[in-house]
>>> print(open('start.csv').read())   # CSV, C-alpha atoms
chain,number,residue,atom,x,y,z
R,144,MET,CA,20.1,-32.1,33.0
R,145,THR,CA,23.6,-31.4,31.8
R,146,SER,CA,22.6,-29.9,28.5
R,147,GLY,CA,20.3,-27.5,30.3
R,148,GLU,CA,23.1,-26.3,32.6
R,149,ALA,CA,25.4,-25.8,29.6
R,150,GLU,CA,22.8,-23.7,28.0
R,151,VAL,CA,22.4,-21.5,31.0
R,152,THR,CA,26.1,-20.7,31.2
R,153,ALA,CA,26.2,-20.0,27.5
R,154,VAL,CA,23.4,-17.5,27.9
R,155,GLU,CA,25.2,-15.8,30.7
R,156,GLU,CA,28.4,-15.4,28.7
R,157,LYS,CA,26.7,-13.8,25.8
R,158,PRO,CA,26.4,-10.0,25.8
R,159,ALA,CA,23.1,-8.8,27.3
R,160,ARG,CA,20.3,-9.5,24.9
R,161,LEU,CA,18.2,-6.4,24.4
R,162,ILE,CA,15.6,-8.0,22.2
R,163,SER,CA,14.2,-10.6,24.5
R,164,GLY,CA,10.6,-10.2,25.7
R,165,PRO,CA,9.2,-6.7,25.3
R,166,GLY,CA,12.4,-5.7,23.5
R,167,MET,CA,11.2,-7.6,20.4
R,168,LEU,CA,8.1,-5.4,20.3
R,169,LEU,CA,10.3,-2.3,20.5
R,170,VAL,CA,12.5,-3.6,17.6
R,171,TRP,CA,9.4,-4.1,15.6
R,172,PHE,CA,8.1,-0.6,16.1
R,173,TYR,CA,11.5,0.9,15.6
R,174,GLY,CA,11.8,-1.1,12.4
R,175,VAL,CA,8.5,0.3,11.2
R,176,MET,CA,9.5,3.8,12.0
R,177,VAL,CA,12.8,3.4,10.2
R,178,VAL,CA,11.0,2.3,7.0
R,179,GLY,CA,8.4,5.0,7.5
R,180,ALA,CA,10.7,7.9,8.1
R,181,VAL,CA,13.5,6.9,5.7
R,182,SER,CA,11.2,6.1,2.7
R,183,ARG,CA,9.0,9.2,3.4
R,184,SER,CA,12.0,11.6,3.5
R,185,ALA,CA,13.7,9.9,0.6
R,186,TYR,CA,10.6,10.3,-1.5
R,187,GLN,CA,10.0,13.9,-0.4
R,188,ILE,CA,13.6,15.0,-0.8
R,189,GLY,CA,13.8,13.3,-4.2
R,190,THR,CA,10.7,14.8,-5.6
R,191,ASP,CA,10.1,18.2,-4.1
R,192,PHE,CA,12.8,19.2,-1.6
R,193,GLN,CA,12.3,23.0,-2.1
R,194,ARG,CA,8.7,22.9,-0.7
R,195,ALA,CA,9.7,22.2,2.9
R,196,PRO,CA,13.5,21.6,3.2
R,197,LEU,CA,13.5,21.8,7.0
R,198,ALA,CA,10.7,19.4,7.5
R,199,TYR,CA,12.1,16.8,5.0
R,200,ALA,CA,15.6,17.1,6.4
R,201,LEU,CA,14.3,16.5,10.0
R,202,SER,CA,12.4,13.4,8.8
R,203,ALA,CA,15.6,12.1,7.3
R,204,VAL,CA,17.5,12.8,10.6
R,205,ALA,CA,14.7,11.0,12.5
R,206,GLY,CA,15.0,8.0,10.2
R,207,VAL,CA,18.8,7.8,10.8
R,208,VAL,CA,18.3,8.0,14.6
R,209,TYR,CA,15.7,5.3,14.4
R,210,GLY,CA,18.0,3.1,12.3
R,211,PHE,CA,20.8,3.4,14.7
R,212,ILE,CA,18.6,2.6,17.7
R,213,THR,CA,17.3,-0.5,15.9
R,214,TYR,CA,20.8,-1.6,15.2
R,215,THR,CA,22.0,-1.2,18.8
R,216,LEU,CA,18.9,-3.1,20.1
R,217,VAL,CA,19.5,-6.0,17.8
R,218,ARG,CA,23.3,-6.0,18.5
R,219,GLY,CA,22.9,-6.1,22.3
R,220,GLY,CA,25.6,-5.8,25.0
R,221,GLU,CA,26.4,-3.1,27.5
R,222,THR,CA,28.0,-0.6,25.1
R,223,ALA,CA,25.0,-0.9,22.7
R,224,ARG,CA,22.7,-0.5,25.6
R,225,ARG,CA,24.4,2.8,26.6
R,226,ALA,CA,24.4,4.0,23.0
R,227,ALA,CA,20.8,3.2,22.7
R,228,LEU,CA,20.0,5.0,25.9
R,229,VAL,CA,21.7,8.2,24.7
R,230,CYS,CA,20.0,8.0,21.3
R,231,CYS,CA,16.5,7.4,22.8
R,232,ALA,CA,17.1,10.5,25.0
R,233,ALA,CA,18.1,12.4,21.9
R,234,GLU,CA,15.1,11.1,20.1
R,235,LEU,CA,12.7,12.1,22.9
R,236,ALA,CA,14.3,15.6,23.0
R,237,GLY,CA,13.9,15.7,19.2
R,238,VAL,CA,10.2,14.8,19.3
R,239,LEU,CA,9.5,17.3,22.1
R,240,ILE,CA,11.5,20.2,20.5
R,241,VAL,CA,10.3,19.6,16.9
R,242,GLY,CA,6.7,18.9,18.2
R,243,THR,CA,6.7,22.2,20.0
R,244,TRP,CA,8.4,24.0,17.2
R,245,THR,CA,5.7,22.9,14.7
R,246,LEU,CA,3.0,24.1,17.0
R,247,VAL,CA,4.6,27.5,17.7
R,248,ASP,CA,5.9,28.4,14.2
R,249,ARG,CA,3.7,26.7,11.6
R,250,SER,CA,5.2,28.8,8.8
R,251,ALA,CA,8.5,27.1,9.1
R,252,PHE,CA,6.9,23.8,8.2
R,253,PRO,CA,4.8,24.0,5.0
R,254,ASP,CA,4.7,20.2,5.1
R,255,ALA,CA,4.6,17.7,8.0
R,256,THR,CA,7.6,15.9,9.4
R,257,VAL,CA,7.6,12.5,11.3
R,258,TRP,CA,7.8,14.5,14.5
R,259,SER,CA,5.2,17.2,13.7
R,260,ASP,CA,2.7,17.8,16.6
R,261,TYR,CA,4.6,15.2,18.7
R,262,GLY,CA,4.0,12.6,16.1
R,263,MET,CA,0.2,12.9,15.9
R,264,GLY,CA,0.2,11.6,12.3
R,265,TYR,CA,1.8,8.4,13.6
R,266,VAL,CA,-0.6,7.8,16.5
R,267,PHE,CA,1.9,9.4,18.9
R,268,ILE,CA,4.2,6.4,18.4
R,269,PRO,CA,7.2,8.8,18.0
R,270,VAL,CA,6.7,10.2,21.5
R,271,LEU,CA,5.6,6.9,23.2
R,272,LEU,CA,8.4,4.8,21.7
R,273,PRO,CA,11.4,6.6,23.3
R,274,LEU,CA,9.7,6.6,26.7
R,275,SER,CA,9.0,2.9,26.6
R,276,ALA,CA,12.5,2.2,25.2
R,277,LEU,CA,14.2,4.3,27.9
R,278,TYR,CA,12.2,2.3,30.5
R,279,TRP,CA,13.1,-1.0,28.9
R,280,LEU,CA,16.8,-0.2,28.5
R,281,ARG,CA,17.1,0.9,32.2
R,282,LYS,CA,15.5,-2.3,33.2
R,283,ALA,CA,17.7,-4.4,31.0
R,284,ARG,CA,21.0,-3.3,32.6
R,285,ALA,CA,23.8,-5.8,31.9
R,286,GLY,CA,23.5,-9.0,33.9
R,287,ALA,CA,20.0,-8.2,35.1
R,288,VAL,CA,18.2,-9.1,31.9
R,289,THR,CA,15.0,-11.0,32.9
R,290,ARG,CA,12.3,-12.3,30.8
Q,284,MET,CA,-11.7,-4.8,-7.3
Q,285,LEU,CA,-8.7,-3.2,-5.6
Q,286,ASN,CA,-10.8,-1.4,-3.0
Q,287,ALA,CA,-12.7,-4.6,-2.1
Q,288,LEU,CA,-9.4,-6.3,-1.7
Q,289,THR,CA,-8.1,-3.5,0.5
Q,290,LEU,CA,-11.1,-3.8,2.7
Q,291,VAL,CA,-10.8,-7.6,3.0
Q,292,THR,CA,-7.1,-7.5,3.8
Q,293,GLY,CA,-7.7,-4.7,6.4
Q,294,VAL,CA,-10.4,-6.7,8.1
Q,295,ALA,CA,-8.4,-9.9,8.0
Q,296,ALA,CA,-5.4,-8.0,9.5
Q,297,LEU,CA,-7.6,-6.8,12.4
Q,298,LEU,CA,-8.9,-10.3,13.0
Q,299,LEU,CA,-5.3,-11.6,13.0
Q,300,ALA,CA,-4.4,-8.8,15.5
Q,301,ALA,CA,-7.2,-9.7,17.8
Q,302,TRP,CA,-6.3,-13.4,17.6
Q,303,CYS,CA,-2.6,-12.9,18.4
Q,304,GLY,CA,-3.6,-10.4,21.0
Q,305,TRP,CA,-5.7,-13.0,22.6
Q,306,ALA,CA,-2.8,-15.4,22.6
Q,307,ALA,CA,-0.7,-12.7,24.3
Q,308,TYR,CA,-3.4,-12.1,26.9
Q,309,ARG,CA,-3.4,-15.8,27.7
Q,310,ASP,CA,0.4,-15.7,28.1
Q,311,GLN,CA,1.0,-17.9,25.1
Q,312,PRO,CA,3.5,-17.7,22.2
Q,313,THR,CA,2.3,-17.8,18.6
Q,314,LYS,CA,1.5,-21.4,17.4
Q,315,ASP,CA,1.1,-23.2,14.1
Q,316,TRP,CA,-2.5,-22.0,13.7
Q,317,HIS,CA,-1.4,-18.4,14.2
Q,318,PHE,CA,1.3,-18.9,11.5
Q,319,ILE,CA,-1.4,-20.3,9.1
Q,320,GLY,CA,-3.5,-17.2,9.9
Q,321,MET,CA,-0.5,-15.0,9.1
Q,322,ALA,CA,0.1,-16.9,5.9
Q,323,VAL,CA,-3.5,-16.3,4.8
Q,324,VAL,CA,-3.2,-12.5,5.5
Q,325,SER,CA,0.2,-12.4,3.7
Q,326,LEU,CA,-1.4,-14.2,0.7
Q,327,LEU,CA,-4.1,-11.5,0.6
Q,328,ALA,CA,-1.3,-8.9,0.6
Q,329,VAL,CA,0.5,-10.7,-2.2
Q,330,VAL,CA,-2.8,-10.8,-4.3
Q,331,GLN,CA,-3.2,-7.1,-3.5
Q,332,LEU,CA,0.3,-6.4,-4.7
Q,333,VAL,CA,-0.2,-8.3,-8.0
Q,334,VAL,CA,-3.7,-6.7,-8.6
Q,335,GLY,CA,-2.3,-3.3,-7.8
Q,336,ILE,CA,0.6,-3.7,-10.3
Q,337,VAL,CA,-1.8,-5.0,-13.0
Q,338,GLN,CA,-4.1,-2.0,-12.5
Q,339,LEU,CA,-1.1,0.3,-12.9
Q,340,ALA,CA,0.0,-1.6,-16.0
Q,341,ARG,CA,-3.5,-1.1,-17.5
Q,342,GLY,CA,-2.9,2.6,-17.2
Q,343,GLU,CA,-4.9,3.5,-14.1
Q,344,LYS,CA,-3.4,6.2,-12.0
Q,345,PRO,CA,-3.5,6.3,-8.1
Q,346,GLU,CA,-4.8,9.6,-6.8
Q,347,GLN,CA,-1.7,10.4,-4.8
Q,348,GLY,CA,1.0,9.1,-7.1
Q,349,THR,CA,2.4,5.9,-8.4
Q,350,THR,CA,5.6,5.8,-6.3
Q,351,ILE,CA,3.8,6.2,-3.0
Q,352,PHE,CA,1.2,3.6,-4.1
Q,353,VAL,CA,3.9,1.0,-5.0
Q,354,ALA,CA,5.8,1.8,-1.8
Q,355,TYR,CA,2.8,1.1,0.4
Q,356,LEU,CA,1.9,-2.0,-1.5
Q,357,LEU,CA,5.4,-3.4,-0.8
Q,358,GLY,CA,5.2,-2.3,2.8
Q,359,ALA,CA,1.9,-4.1,3.2
Q,360,PHE,CA,3.3,-7.2,1.6
Q,361,ALA,CA,6.4,-7.3,3.9
Q,362,CYS,CA,4.6,-6.3,7.1
Q,363,VAL,CA,3.1,-9.5,8.5
Q,364,PRO,CA,5.8,-11.9,7.3
Q,365,ALA,CA,8.4,-9.7,9.1
Q,366,ALA,CA,6.5,-9.6,12.3
Q,367,GLY,CA,5.9,-13.4,11.9
Q,368,PHE,CA,9.6,-14.1,11.8
Q,369,MET,CA,10.2,-12.0,14.8
Q,370,SER,CA,7.5,-13.8,16.8
Q,371,LEU,CA,9.3,-17.0,15.7
Q,372,ALA,CA,12.5,-15.8,17.3
Q,373,GLU,CA,10.6,-14.8,20.5
Q,374,ARG,CA,8.8,-17.8,21.9
Q,375,THR,CA,7.0,-16.0,24.7
Q,376,ARG,CA,3.8,-13.9,24.9
Q,377,TRP,CA,5.8,-10.9,23.6
Q,378,GLY,CA,6.2,-12.8,20.3
Q,379,SER,CA,2.4,-12.8,20.1
Q,380,VAL,CA,2.2,-9.1,20.9
Q,381,THR,CA,4.7,-8.4,18.1
Q,382,ALA,CA,2.7,-10.4,15.6
Q,383,ALA,CA,-0.5,-8.5,16.7
Q,384,ALA,CA,1.4,-5.2,16.3
Q,385,GLY,CA,2.4,-6.3,12.9
Q,386,ALA,CA,-1.2,-7.0,11.9
Q,387,VAL,CA,-2.3,-3.6,13.3
Q,388,VAL,CA,0.4,-1.8,11.2
Q,389,LEU,CA,-0.9,-3.7,8.2
Q,390,ALA,CA,-4.5,-2.5,8.9
Q,391,VAL,CA,-3.2,1.1,9.1
Q,392,LEU,CA,-1.4,0.6,5.8
Q,393,GLU,CA,-4.6,-0.6,4.2
Q,394,VAL,CA,-6.4,2.5,5.3
Q,395,ARG,CA,-3.6,4.6,3.7
Q,396,LEU,CA,-3.7,2.5,0.6
Q,397,TYR,CA,-7.4,3.2,0.2
Q,398,ASP,CA,-6.8,6.9,0.4
Q,399,ILE,CA,-3.8,6.7,-2.0
Q,400,TRP,CA,-5.7,4.8,-4.6
Q,401,GLY,CA,-8.5,7.3,-4.3
Q,402,GLY,CA,-11.7,5.6,-3.1
>>> encode(input="start.csv", output="structure tokens")
Amino acid sequence: MTSGEAEVTAVEEKPARLISGPGMLLVWFYGVMVVGAVSRSAYQIGTDFQRAPLAYALSAVAGVVYGFITYTLVRGGETARRAALVCCAAELAGVLIVGTWTLVDRSAFPDATVWSDYGMGYVFIPVLLPLSALYWLRKARAGAVTR
Amino acid sequence: MLNALTLVTGVAALLLAAWCGWAAYRDQPTKDWHFIGMAVVSLLAVVQLVVGIVQLARGEKPEQGTTIFVAYLLGAFACVPAAGFMSLAERTRWGSVTAAAGAVVLAVLEVRLYDIWGG
């Protein structure tokens, strides 16, 4: 079939799609985390920032990082893949550092952040998400995208 | 009224999650019947949104604050349709997994809504 062949070449010329297959599930969860982290921090910063400025600011940072990763995943291509890899590594580091920090020094956090206790309040999605995203992005190296 | 609706929507969301999860397990994309199921659950979320706003308009106060309550109502309303469109774009088993994940998120939101409204 000629039309089928044309389709295949068209797919190959496009930048690597990062949202095919399991990537779609990742985008969904990242999208949920963006809405969760951004709306939560916006509300908390807007109403009672003085109560736990560090915790609320960290939630806002987490929201921005999640937003950027979502954008790079949807955009696709090799540059976006690399950018997403770096951000996911940063995200993982953030979860681990902030998670440990909240356990060690409870007094610094009068209120929870998205990353408190390694994301326990979010069923550990914040720590599982970067791990699965890193795995997926390494697999989805340009030209080697398989369904 | 609102709590009953929250319970029904939550249970419906879990059923939808199981159903789409079953499709994913059998390596199938979401089909017309799944989308009808999603439409039913979305309709419940819309009814919940309307009833919630009417309750607020009648002067009732959610236990944990009106802003949070409305934000969660809107989130619950948008949740399943968003996942549904994503499963429409991904015509493999992973589309079904995404739809199931969307329904699970809705169920979690319903539990939170129950707490926020205050039993």
>>> interface_residues(input="start.csv", of="chain Q", to="chain R", cutoff="12 Å", atoms="only C-alpha atoms", output="NGL selection string")
:Q and (307 or 310 or 312 or 348-355 or 357-359 or 361-389 or 391-392 or 395)
>>> closest_residue(input="start.csv", among="R:Leu216, R:Val177, R:Ala251, R:Leu201", to="Val238 (chain R)", atoms="only C-alpha atoms")
R:Leu201
>>> atom_distance(input="start.csv", atom1="CA of Ile399 (chain Q)", atom2="CA of Pro345 (chain Q)")
6.1 Å
>>> residues_around(input="start.csv", residues="Asp254 (chain R)", least_positions_apart="5", cutoff="8 Å", atoms="only C-alpha atoms", output="list in words")
Arg194, Ala195 and Ala198 of chain R
>>> atom_distance(input="start.csv", atom1="CA of Phe192 (chain R)", atom2="CA of Tyr173 (chain R)")
25.1 Å
>>> atom_distance(input="start.csv", atom1="CA of Gly293 (chain Q)", atom2="CA of Ala276 (chain R)")
28.4 Å
>>> residues_around(input="start.csv", residues="region 224-227 of chain R", least_positions_apart="4", cutoff="12 Å", atoms="only C-alpha atoms", output="JSON, numbers by chain")
{"R": [158, 159, 160, 161, 162, 166, 170, 173, 208, 209, 210, 211, 212, 213, 214, 215, 216, 217, 218, 219, 220, 231, 232, 233, 234, 273, 276, 277, 278, 279, 280, 281, 282, 283, 284, 285, 286, 288]}
>>> closest_residue(input="start.csv", among="R:Arg249, R:Leu274, R:Val181, R:Tyr199", to="Leu228 (chain R)", atoms="all atoms listed in the file")
R:Leu274
>>> closest_residue(input="start.csv", among="Q:Val294, Q:Cys303, Q:Leu285, Q:Val324", to="Trp400 (chain Q)", atoms="only C-alpha atoms")
Q:Leu285
>>> residues_near_point(input="start.csv", point="(-5.8, -17.1, 7.7)", cutoff="12 Å", atoms="all atoms listed in the file", output="count of residues only")
27
>>> build_atoms(input="start.csv", residues="region 322-334 of chain Q", atoms="N, CA and C atoms", output="JSON list (two decimals), in the coordinates of the input")
[["chain", "number", "residue", "atom", "x", "y", "z"],
["Q", 322, "ALA", "N", -0.12, -16.57, 7.27],
["Q", 322, "ALA", "CA", 0.10, -16.90, 5.90],
["Q", 322, "ALA", "C", -1.10, -16.49, 5.02],
["Q", 323, "VAL", "N", -2.32, -16.68, 5.55],
["Q", 323, "VAL", "CA", -3.50, -16.30, 4.80],
["Q", 323, "VAL", "C", -3.51, -14.77, 4.57],
["Q", 324, "VAL", "N", -3.23, -14.00, 5.64],
["Q", 324, "VAL", "CA", -3.20, -12.50, 5.50],
["Q", 324, "VAL", "C", -2.10, -12.12, 4.55],
["Q", 325, "SER", "N", -0.94, -12.76, 4.64],
["Q", 325, "SER", "CA", 0.20, -12.40, 3.70],
["Q", 325, "SER", "C", -0.22, -12.72, 2.29],
["Q", 326, "LEU", "N", -0.95, -13.83, 2.09],
["Q", 326, "LEU", "CA", -1.40, -14.20, 0.70],
["Q", 326, "LEU", "C", -2.30, -13.09, 0.18],
["Q", 327, "LEU", "N", -3.22, -12.60, 1.02],
["Q", 327, "LEU", "CA", -4.10, -11.50, 0.60],
["Q", 327, "LEU", "C", -3.25, -10.30, 0.16],
["Q", 328, "ALA", "N", -2.19, -10.01, 0.96],
["Q", 328, "ALA", "CA", -1.30, -8.90, 0.60],
["Q", 328, "ALA", "C", -0.60, -9.10, -0.70],
["Q", 329, "VAL", "N", -0.20, -10.35, -0.96],
["Q", 329, "VAL", "CA", 0.50, -10.70, -2.20],
["Q", 329, "VAL", "C", -0.51, -10.45, -3.39],
["Q", 330, "VAL", "N", -1.75, -10.97, -3.23],
["Q", 330, "VAL", "CA", -2.80, -10.80, -4.30],
["Q", 330, "VAL", "C", -2.99, -9.30, -4.52],
["Q", 331, "GLN", "N", -3.04, -8.55, -3.43],
["Q", 331, "GLN", "CA", -3.20, -7.10, -3.50],
["Q", 331, "GLN", "C", -2.10, -6.45, -4.32],
["Q", 332, "LEU", "N", -0.87, -6.88, -4.01],
["Q", 332, "LEU", "CA", 0.30, -6.40, -4.70],
["Q", 332, "LEU", "C", 0.20, -6.62, -6.21],
["Q", 333, "VAL", "N", -0.16, -7.88, -6.56],
["Q", 333, "VAL", "CA", -0.20, -8.30, -8.00],
["Q", 333, "VAL", "C", -1.36, -7.47, -8.66],
["Q", 334, "VAL", "N", -2.55, -7.44, -8.03],
["Q", 334, "VAL", "CA", -3.70, -6.70, -8.60],
["Q", 334, "VAL", "C", -3.33, -5.24, -8.80]]
